[in-house]
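**Student:** If it helps, the file is called model.csv and holds CSV, C-alpha atoms:
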chain,number,residue,atom,x,y,z
A,29,GLY,CA,136.8,79.2,71.9
A,30,MET,CA,135.4,77.1,74.8
A,31,GLY,CA,131.8,77.5,73.7
A,32,GLY,CA,131.4,80.2,76.3
A,33,ALA,CA,131.7,77.7,79.2
A,34,LEU,CA,133.5,80.2,81.4
A,35,GLY,CA,130.8,81.0,84.0
A,36,ALA,CA,132.8,79.5,86.9
A,37,LEU,CA,136.3,80.0,85.6
A,38,GLY,CA,135.9,83.7,85.1
A,39,ALA,CA,138.7,86.2,84.3
A,40,ASP,CA,137.3,86.5,80.7
A,41,LEU,CA,135.4,89.5,79.4
A,42,SER,CA,132.7,87.2,77.9
A,43,THR,CA,131.5,86.3,81.5
A,44,ILE,CA,130.3,89.9,82.0
A,45,ASP,CA,127.1,88.9,80.3
A,46,PHE,CA,126.8,85.3,81.7
A,47,ASN,CA,128.1,85.5,85.3
A,48,PRO,CA,129.1,88.9,86.5
A,49,ALA,CA,131.2,87.4,89.3
A,50,GLY,CA,133.7,86.1,86.7
A,51,MET,CA,135.1,89.6,86.4
A,52,GLY,CA,136.1,89.5,90.1
A,53,LEU,CA,138.8,86.9,89.2
A,54,TYR,CA,140.9,89.5,87.4
A,55,ARG,CA,144.0,90.4,89.2
A,56,LYS,CA,145.3,93.0,86.7
A,57,SER,CA,143.7,95.3,84.2
A,58,ASP,CA,142.9,94.1,80.7
A,59,VAL,CA,141.5,95.3,77.3
A,60,ALA,CA,140.2,93.2,74.4
A,61,LEU,CA,139.0,93.9,70.9
A,62,THR,CA,137.4,91.6,68.3
A,63,PHE,CA,136.7,92.3,64.6
A,64,GLY,CA,136.1,90.2,61.5
A,65,GLY,CA,134.4,90.0,58.2
A,66,MET,CA,131.3,88.5,56.5
A,67,TRP,CA,130.8,87.3,53.0
A,68,ASN,CA,127.5,85.7,51.9
A,69,THR,CA,127.8,82.7,49.6
A,70,ASP,CA,124.4,83.7,48.1
A,71,ARG,CA,125.7,87.2,47.4
A,72,ILE,CA,124.6,89.2,44.3
A,73,LYS,CA,127.6,88.9,42.0
A,74,GLU,CA,127.2,92.3,40.5
A,75,GLU,CA,127.6,94.0,43.8
A,76,ASN,CA,130.3,93.9,46.5
A,77,ARG,CA,128.6,92.3,49.4
A,78,GLY,CA,131.6,91.7,51.7
A,79,LYS,CA,131.6,93.6,54.9
A,80,GLY,CA,134.0,94.1,57.8
A,81,THR,CA,132.5,93.8,61.3
A,82,PHE,CA,133.4,95.4,64.6
A,83,ASP,CA,132.2,92.7,67.1
A,84,GLN,CA,133.5,93.5,70.6
A,85,PHE,CA,135.4,96.0,72.7
A,86,GLY,CA,135.9,95.9,76.5
A,87,PHE,CA,138.2,96.7,79.3
A,88,VAL,CA,138.6,95.8,83.0
A,89,TYR,CA,140.2,98.1,85.6
A,90,SER,CA,141.4,95.9,88.5
A,91,HIS,CA,142.2,97.6,91.8
A,92,ARG,CA,144.0,95.7,94.6
A,93,THR,CA,142.5,96.9,97.9
A,94,GLY,CA,144.9,95.0,100.3
A,95,ASP,CA,145.2,91.7,102.1
A,96,GLY,CA,142.0,91.9,104.1
A,97,ASP,CA,138.7,90.3,103.3
A,98,LEU,CA,138.2,92.4,100.2
A,99,ARG,CA,141.3,91.7,98.0
A,100,PHE,CA,140.3,93.2,94.7
A,101,PHE,CA,137.5,95.6,93.5
A,102,ASN,CA,137.1,95.6,89.7
A,103,VAL,CA,135.2,97.8,87.2
A,104,ALA,CA,134.5,96.7,83.7
A,105,PHE,CA,132.8,97.6,80.5
A,106,ASN,CA,132.1,95.6,77.4
A,107,TYR,CA,130.4,96.1,74.0
A,108,GLN,CA,129.3,93.0,72.1
A,109,LYS,CA,127.6,92.6,68.8
A,110,LYS,CA,125.2,89.8,69.6
A,111,ALA,CA,123.7,89.4,66.1
A,112,ASN,CA,124.7,90.7,62.7
A,113,PHE,CA,121.8,91.0,60.3
A,114,HIS,CA,123.9,91.8,57.2
A,115,TYR,CA,122.6,89.4,54.5
A,116,ASN,CA,122.0,89.5,50.7
A,117,PHE,CA,120.1,87.0,48.6
A,118,TYR,CA,119.1,86.7,44.9
A,119,ALA,CA,117.0,83.9,43.4
A,120,PRO,CA,115.4,83.4,40.0
A,121,PHE,CA,112.8,80.6,39.8
A,122,ASN,CA,110.0,79.0,37.8
A,123,LEU,CA,106.6,79.7,39.3
A,124,ASN,CA,105.1,76.4,38.1
A,125,GLY,CA,101.6,78.0,38.2
A,126,LEU,CA,102.0,79.3,41.7
A,127,SER,CA,101.7,83.0,41.1
A,128,GLN,CA,101.4,85.3,44.1
A,129,MET,CA,98.5,87.1,42.4
A,130,ASP,CA,96.6,83.9,41.9
A,131,GLN,CA,96.8,83.3,45.6
A,132,LEU,CA,95.6,86.9,46.3
A,133,ALA,CA,92.7,86.4,43.9
A,134,GLU,CA,91.7,83.3,45.7
A,135,LEU,CA,91.9,84.9,49.1
A,136,VAL,CA,89.8,87.9,48.0
A,137,SER,CA,87.2,85.7,46.2
A,138,TYR,CA,86.6,83.8,49.5
A,139,GLY,CA,86.1,87.0,51.5
A,140,TYR,CA,89.5,87.7,52.9
A,141,ASP,CA,89.7,91.1,54.7
A,142,THR,CA,91.3,93.6,52.4
A,143,ASP,CA,92.0,96.5,54.8
A,144,TYR,CA,95.6,97.7,55.0
A,145,ASN,CA,97.2,94.7,53.3
A,146,LEU,CA,98.5,93.4,50.0
A,147,ALA,CA,95.2,91.8,48.9
A,148,GLY,CA,93.4,95.2,49.3
A,149,MET,CA,96.1,97.0,47.4
A,150,ALA,CA,95.8,94.5,44.5
A,151,VAL,CA,92.0,95.0,44.4
A,152,ASP,CA,92.1,98.8,44.7
A,153,ASN,CA,94.6,99.1,41.9
A,154,ASN,CA,93.1,96.7,39.5
A,155,TYR,CA,95.8,94.0,39.7
A,156,LEU,CA,92.9,91.5,40.1
A,157,THR,CA,90.2,91.4,37.5
A,158,PRO,CA,86.6,90.9,38.8
A,159,ILE,CA,84.1,88.5,37.3
A,160,TYR,CA,80.5,89.8,37.7
A,161,ASP,CA,77.3,87.8,38.0
A,162,PRO,CA,75.6,87.9,34.6
A,163,ASN,CA,72.2,88.2,36.5
A,164,ASP,CA,73.4,90.9,38.8
A,165,PRO,CA,76.1,93.3,37.2
A,166,GLU,CA,76.8,94.8,40.7
A,167,LYS,CA,77.7,91.4,42.2
A,168,ILE,CA,81.3,90.1,41.9
A,169,LEU,CA,81.5,86.4,41.8
A,170,ARG,CA,85.2,86.1,42.0
A,171,TYR,CA,88.5,87.6,41.0
A,172,TYR,CA,91.3,86.3,38.7
A,173,ASN,CA,94.9,87.3,38.1
A,174,LYS,CA,95.4,90.1,35.6
A,175,PHE,CA,98.9,88.9,35.0
A,176,GLY,CA,100.2,85.5,33.8
A,177,GLY,CA,103.6,85.2,35.5
A,178,GLU,CA,105.7,82.3,34.4
A,179,TYR,CA,108.9,83.2,36.1
A,180,ALA,CA,109.8,85.1,39.3
A,181,ARG,CA,112.9,86.8,40.8
A,182,LEU,CA,113.6,87.8,44.3
A,183,ALA,CA,116.3,90.1,45.6
A,184,HIS,CA,116.5,90.5,49.4
A,185,HIS,CA,118.9,92.6,51.5
A,186,SER,CA,119.1,93.1,55.2
A,187,ALA,CA,121.3,95.2,57.5
A,188,GLY,CA,121.7,96.2,61.1
A,189,SER,CA,122.7,94.4,64.3
A,190,GLN,CA,121.8,93.7,67.9
A,191,ASN,CA,124.3,95.2,70.3
A,192,ALA,CA,124.8,94.8,74.1
A,193,PHE,CA,126.5,97.3,76.4
A,194,ASP,CA,127.4,96.0,79.9
A,195,ILE,CA,128.8,97.9,82.9
A,196,ASN,CA,130.1,95.6,85.7
A,197,LEU,CA,131.2,95.9,89.3
A,198,SER,CA,132.8,92.9,91.0
A,199,ALA,CA,134.8,92.0,94.0
A,200,ASN,CA,137.3,89.3,95.2
A,201,ILE,CA,136.7,88.2,98.8
A,202,ARG,CA,139.7,86.4,100.4
A,203,ASP,CA,140.4,84.6,97.1
A,204,ARG,CA,137.6,82.2,97.9
A,205,GLY,CA,134.4,84.0,96.9
A,206,TYR,CA,133.7,86.4,94.0
A,207,VAL,CA,130.6,88.5,93.5
A,208,GLY,CA,129.5,90.8,90.7
A,209,MET,CA,126.7,92.8,89.2
A,210,THR,CA,126.2,93.8,85.6
A,211,ILE,CA,123.8,96.5,84.3
A,212,GLY,CA,123.0,95.7,80.7
A,213,ALA,CA,121.5,97.7,77.8
A,214,GLU,CA,120.7,96.4,74.4
A,215,ASN,CA,120.1,98.1,71.1
A,216,ILE,CA,118.3,96.5,68.2
A,217,ASN,CA,118.3,98.0,64.7
A,218,TYR,CA,117.2,95.9,61.7
A,219,ARG,CA,116.2,96.8,58.2
A,220,GLY,CA,115.2,94.4,55.5
A,221,TRP,CA,114.2,95.4,52.0
A,222,SER,CA,113.3,93.2,49.0
A,223,THR,CA,111.9,93.3,45.4
A,224,TYR,CA,109.9,90.5,44.0
A,225,TYR,CA,109.2,90.3,40.2
A,226,GLU,CA,106.8,88.1,38.3
A,227,GLU,CA,107.2,88.1,34.5
A,228,ASN,CA,106.3,86.5,31.2
A,229,ASN,CA,108.2,86.6,27.9
A,230,TYR,CA,106.4,89.9,27.1
A,231,ILE,CA,107.2,92.3,24.3
A,232,ASN,CA,105.6,95.8,24.3
A,233,GLU,CA,104.4,97.8,21.2
A,234,GLU,CA,107.9,99.2,20.7
A,235,ASN,CA,109.2,95.7,20.4
A,236,ASN,CA,111.1,96.0,23.7
A,237,PRO,CA,111.1,93.3,26.4
A,238,ILE,CA,109.3,94.1,29.6
A,239,TYR,CA,111.2,93.5,32.9
A,240,GLY,CA,108.4,91.7,34.7
A,241,ASP,CA,104.6,91.9,34.6
A,242,TYR,CA,104.6,93.4,38.1
A,243,SER,CA,106.9,93.9,41.0
A,244,LEU,CA,106.4,94.2,44.8
A,245,PHE,CA,108.8,96.2,46.9
A,246,ASN,CA,109.0,95.9,50.7
A,247,ASP,CA,110.9,97.9,53.3
A,248,PHE,CA,110.7,96.7,56.9
A,249,HIS,CA,112.4,98.3,60.0
A,250,ILE,CA,112.6,97.1,63.6
A,251,HIS,CA,114.4,99.2,66.2
A,252,GLY,CA,114.4,99.6,69.9
A,253,TYR,CA,116.2,99.0,73.2
A,254,GLY,CA,116.1,96.9,76.3
A,255,VAL,CA,117.6,96.9,79.8
A,256,ASN,CA,118.3,94.2,82.4
A,257,ILE,CA,120.4,93.4,85.5
A,258,LYS,CA,122.5,90.3,86.2
A,259,LEU,CA,123.8,89.2,89.6
A,260,GLY,CA,126.3,86.4,90.2
A,261,GLY,CA,128.6,84.6,92.5
A,262,ILE,CA,131.5,82.2,92.4
A,263,VAL,CA,133.0,80.2,95.2
A,264,ARG,CA,136.0,77.9,95.7
A,265,PRO,CA,134.5,75.4,98.3
A,266,ILE,CA,137.9,73.7,98.9
A,267,GLU,CA,140.6,76.0,100.1
A,268,ASP,CA,143.6,74.2,98.4
A,269,SER,CA,141.7,73.3,95.2
A,270,PRO,CA,141.1,75.5,92.1
A,271,PHE,CA,137.6,73.9,91.6
A,272,ARG,CA,134.9,76.5,91.4
A,273,LEU,CA,131.1,76.7,91.4
A,274,GLY,CA,129.1,79.6,90.0
A,275,LEU,CA,125.5,80.8,90.1
A,276,ALA,CA,123.9,83.7,88.3
A,277,ILE,CA,120.5,85.2,87.7
A,278,GLU,CA,119.4,87.6,85.0
A,279,THR,CA,116.2,89.7,85.3
A,280,PRO,CA,113.8,89.9,82.4
A,281,THR,CA,114.9,92.3,79.7
A,282,TRP,CA,112.4,95.1,79.2
A,283,TYR,CA,112.3,95.8,75.5
A,284,ARG,CA,110.7,99.0,74.0
A,285,MET,CA,110.3,98.3,70.3
A,286,LYS,CA,109.1,100.0,67.1
A,287,ASN,CA,108.2,98.4,63.8
A,288,SER,CA,107.5,100.2,60.6
A,289,THR,CA,107.0,98.9,57.1
A,290,TYR,CA,105.9,100.1,53.7
A,291,PHE,CA,105.3,98.4,50.4
A,292,ASP,CA,104.1,99.1,46.9
A,293,LEU,CA,103.2,97.3,43.7
A,294,SER,CA,104.2,98.4,40.2
A,295,ASP,CA,102.5,97.3,37.0
A,296,GLN,CA,105.4,96.8,34.6
A,297,ILE,CA,103.1,96.4,31.6
A,298,ASP,CA,101.1,99.6,31.9
A,299,ASN,CA,104.0,101.3,33.8
A,300,VAL,CA,101.8,102.2,36.7
A,301,ARG,CA,103.0,102.4,40.4
A,302,THR,CA,100.4,102.1,43.2
A,303,GLU,CA,100.2,104.3,46.2
A,304,THR,CA,102.6,103.2,48.9
A,305,LYS,CA,101.1,101.6,52.0
A,306,GLU,CA,102.6,102.1,55.4
A,307,SER,CA,102.1,100.6,58.8
A,308,TYR,CA,103.6,101.4,62.2
A,309,LEU,CA,103.6,99.7,65.6
A,310,GLU,CA,105.1,100.4,69.0
A,311,TYR,CA,105.2,97.6,71.5
A,312,ASN,CA,106.9,96.3,74.7
A,313,ILE,CA,108.3,92.8,75.2
A,314,ILE,CA,109.4,91.4,78.6
A,315,THR,CA,111.6,88.3,78.4
A,316,PRO,CA,111.7,85.6,81.1
A,317,TRP,CA,114.0,85.3,84.0
A,318,LYS,CA,117.2,83.3,83.4
A,319,VAL,CA,119.1,81.2,85.9
A,320,ARG,CA,122.6,79.9,85.3
A,321,ALA,CA,124.8,77.4,87.1
A,322,SER,CA,128.5,76.7,86.4
A,323,MET,CA,131.4,74.6,87.4
A,324,GLY,CA,135.0,74.5,86.3
A,325,SER,CA,138.6,74.0,87.3
A,326,THR,CA,142.2,74.2,86.2
A,327,VAL,CA,145.1,71.7,86.3
A,328,GLY,CA,148.3,73.7,86.9
A,329,THR,CA,148.8,76.1,84.0
A,330,VAL,CA,148.3,73.6,81.2
A,331,PHE,CA,144.6,72.6,81.3
A,332,ALA,CA,141.2,74.1,82.1
A,333,TRP,CA,137.6,72.9,81.8
A,334,GLY,CA,134.2,74.4,82.3
A,335,VAL,CA,130.5,73.5,82.1
A,336,ASP,CA,127.6,75.9,82.1
A,337,TYR,CA,123.9,75.4,82.3
A,338,GLU,CA,121.1,77.9,81.7
A,339,ILE,CA,117.3,77.7,82.0
A,340,ALA,CA,114.8,80.3,80.7
A,341,ASN,CA,111.1,79.7,80.6
A,342,HIS,CA,110.0,81.4,77.4
A,343,ALA,CA,106.3,80.6,78.1
A,344,GLY,CA,106.6,83.6,80.5
A,345,THR,CA,107.4,86.1,77.8
A,346,LYS,CA,105.0,89.0,77.9
A,347,MET,CA,104.0,91.5,75.2
A,348,GLY,CA,102.0,94.7,75.4
A,349,TYR,CA,101.7,98.3,74.1
A,350,PRO,CA,102.6,101.6,75.6
A,351,LYS,CA,99.8,103.7,77.1
A,352,TYR,CA,99.0,107.0,75.5
A,353,ASP,CA,96.5,109.5,76.8
A,354,ASP,CA,96.1,113.3,77.0
A,355,TRP,CA,97.8,113.7,80.4
A,356,ASP,CA,100.4,110.9,80.8
A,357,TYR,CA,102.7,108.7,78.7
A,358,SER,CA,105.1,106.0,79.9
A,359,SER,CA,107.1,104.0,77.4
A,360,TYR,CA,107.2,101.0,79.8
A,361,SER,CA,103.6,101.1,80.9
A,362,ASN,CA,101.7,98.3,79.4
A,363,ASP,CA,98.3,97.6,77.8
A,364,LYS,CA,98.7,93.8,77.8
A,365,ASP,CA,98.2,91.8,74.6
A,366,ARG,CA,96.2,89.1,76.4
A,367,ALA,CA,95.7,87.1,73.2
A,368,MET,CA,99.4,87.0,72.3
A,369,ASN,CA,100.5,86.3,75.9
A,370,SER,CA,98.0,83.4,76.1
A,371,TYR,CA,99.3,82.1,72.7
A,372,THR,CA,102.9,82.4,73.9
A,373,LYS,CA,102.1,80.6,77.2
A,374,ASN,CA,100.5,77.7,75.3
A,375,MET,CA,103.1,77.4,72.5
A,376,LEU,CA,106.5,78.0,74.2
A,377,ARG,CA,108.4,76.0,76.7
A,378,ALA,CA,111.5,76.2,78.9
A,379,GLN,CA,114.8,76.4,77.0
A,380,HIS,CA,117.7,74.6,78.5
A,381,THR,CA,121.2,75.5,77.3
A,382,LEU,CA,124.3,73.4,78.1
A,383,LYS,CA,127.8,74.6,77.3
A,384,ALA,CA,131.1,72.7,77.8
A,385,GLY,CA,134.7,73.5,76.8
A,386,VAL,CA,138.3,72.8,77.5
A,387,GLU,CA,141.6,74.7,77.1
A,388,LEU,CA,145.0,73.0,76.6
A,389,ARG,CA,148.2,75.1,76.8
A,390,PRO,CA,151.0,72.8,75.7
A,391,VAL,CA,153.6,75.6,75.7
A,392,SER,CA,153.1,79.1,77.0
A,393,PRO,CA,151.7,81.4,75.7
A,394,PHE,CA,150.1,79.2,73.0
A,395,ALA,CA,146.7,77.7,73.8
A,396,ILE,CA,144.1,75.5,72.1
A,397,ARG,CA,140.4,75.7,73.0
A,398,MET,CA,137.4,73.7,72.0
Let me see the file written as structure tokens.

**Tutor:**
Amino acid sequence: GMGGALGALGADLSTIDFNPAGMGLYRKSDVALTFGGMWNTDRIKEENRGKGTFDQFGFVYSHRTGDGDLRFFNVAFNYQKKANFHYNFYAPFNLNGLSQMDQLAELVSYGYDTDYNLAGMAVDNNYLTPIYDPNDPEKILRYYNKFGGEYARLAHHSAGSQNAFDINLSANIRDRGYVGMTIGAENINYRGWSTYYEENNYINEENNPIYGDYSLFNDFHIHGYGVNIKLGGIVRPIEDSPFRLGLAIETPTWYRMKNSTYFDLSDQIDNVRTETKESYLEYNIITPWKVRASMGSTVGTVFAWGVDYEIANHAGTKMGYPKYDDWDYSSYSNDKDRAMNSYTKNMLRAQHTLKAGVELRPVSPFAIRM
């Protein structure tokens, strides 16, 4: 409700991921649960595309240790759904002469590599018709589209989520300083599948309409996990003031990922389905370090404000591939993708994020945040 600007204020489960020291401001145990729902405005009307979501669950166990230097020692856990990939889309449209097969025919005619891709599948299964040199029957001059698609339809679905699991240890030192550490793990699971049709107003020999000249089906999966560590601190520099300053650092997240995809073409006129093509890739991604600074304060029990800043230099993102050999395998050992890493360094820059928020509590326990 405050845009996440709680890095210095603390005592909120959301800070477990941003500044772990925020958990040290808890003085009693707490539990929180968040759920909701999603409905796409572009949903397919014939199907029920609404879906409930379980977005967050966490708890804090706060232990008072006494009146010495260490006042509280807290343990916390939080689950958070960081991204929800549930989406459905349907679109009919006029091709206006921009058939996908025309584009593939042009690519192949100009020498595009046809190994393990859609263009090669179109050639191998006679979706593209060759034109031979009249002076050399073995020489193909170019290809043209076997089909004549006037209209197209696309149905796309996706599902899955990106989830974070955080375990936190934090401490309150004399009610003036707060420190914390969070060990984080992330799980990513995405699936997207779609069917694309191109069609004419075509009637077969039995006088039945044909549902498309051809169709292309895709099924794409991404799944994997990542780990990181976050360290943070909060101080009240003035003893009789609630004003607080926070600083946190997050290590790179080491992601171990797998991609898999398969696709096939179907000739709706001749009722022929091509052989399914598949591809598979394992890879590692190392994200950049992140540094965060915060400040915030309260006015009695009726008003609070917070400002957070984060910087992450994405030019430092690294990609590589796990090493396989006959005697050793490590999922996090890297054969660096030097070309991709160079491209990333040249194309990406530092990302700066600024968050600010306020809370007004006109009457207890009612509060307004923005």

**Student:** Give me the residues within 12 Å of Gly177 (chain A) as a PyMOL selection string, counting all atoms listed in the file and dropping any in the same chain fewer than 2 places off.

**Tutor:** chain A and resi 121-130+173-175+179-181+224-230+239-243+296-297

**Student:** Find the residue from A:Met285, A:Ser42, A:Pro270, A:Ser186 that sits nearest to Met30 (chain A); use all atoms listed in the file when measuring.

**Tutor:**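 Looking at the shortest contact to Met30 (chain A), the residue is A:Ser42.
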
**Student:** Using only C-alpha atoms for the distances, tell me which of A:Phe46, A:Phe291, A:Tyr172, A:Phe394 is nearest to Phe331 (chain A).

**Tutor:**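 For Phe331 (chain A), the nearest of the candidates is A:Phe394.
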
**Student:** List the residues sitting within 6 Å of (116.8, 82.3, 80.5) in the file's frame, using only C-alpha atoms, as a VMD selection string.

**Tutor:** chain A and resid 317 to 319 339 to 340

**Student:** Find the residue from A:Ser189, A:Thr210, A:Asn116, A:Asn217 that sits nearest to Gly261 (chain A); use only C-alpha atoms when measuring.

**Tutor:**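 Smallest separation from Gly261 (chain A) among the options: A:Thr210.
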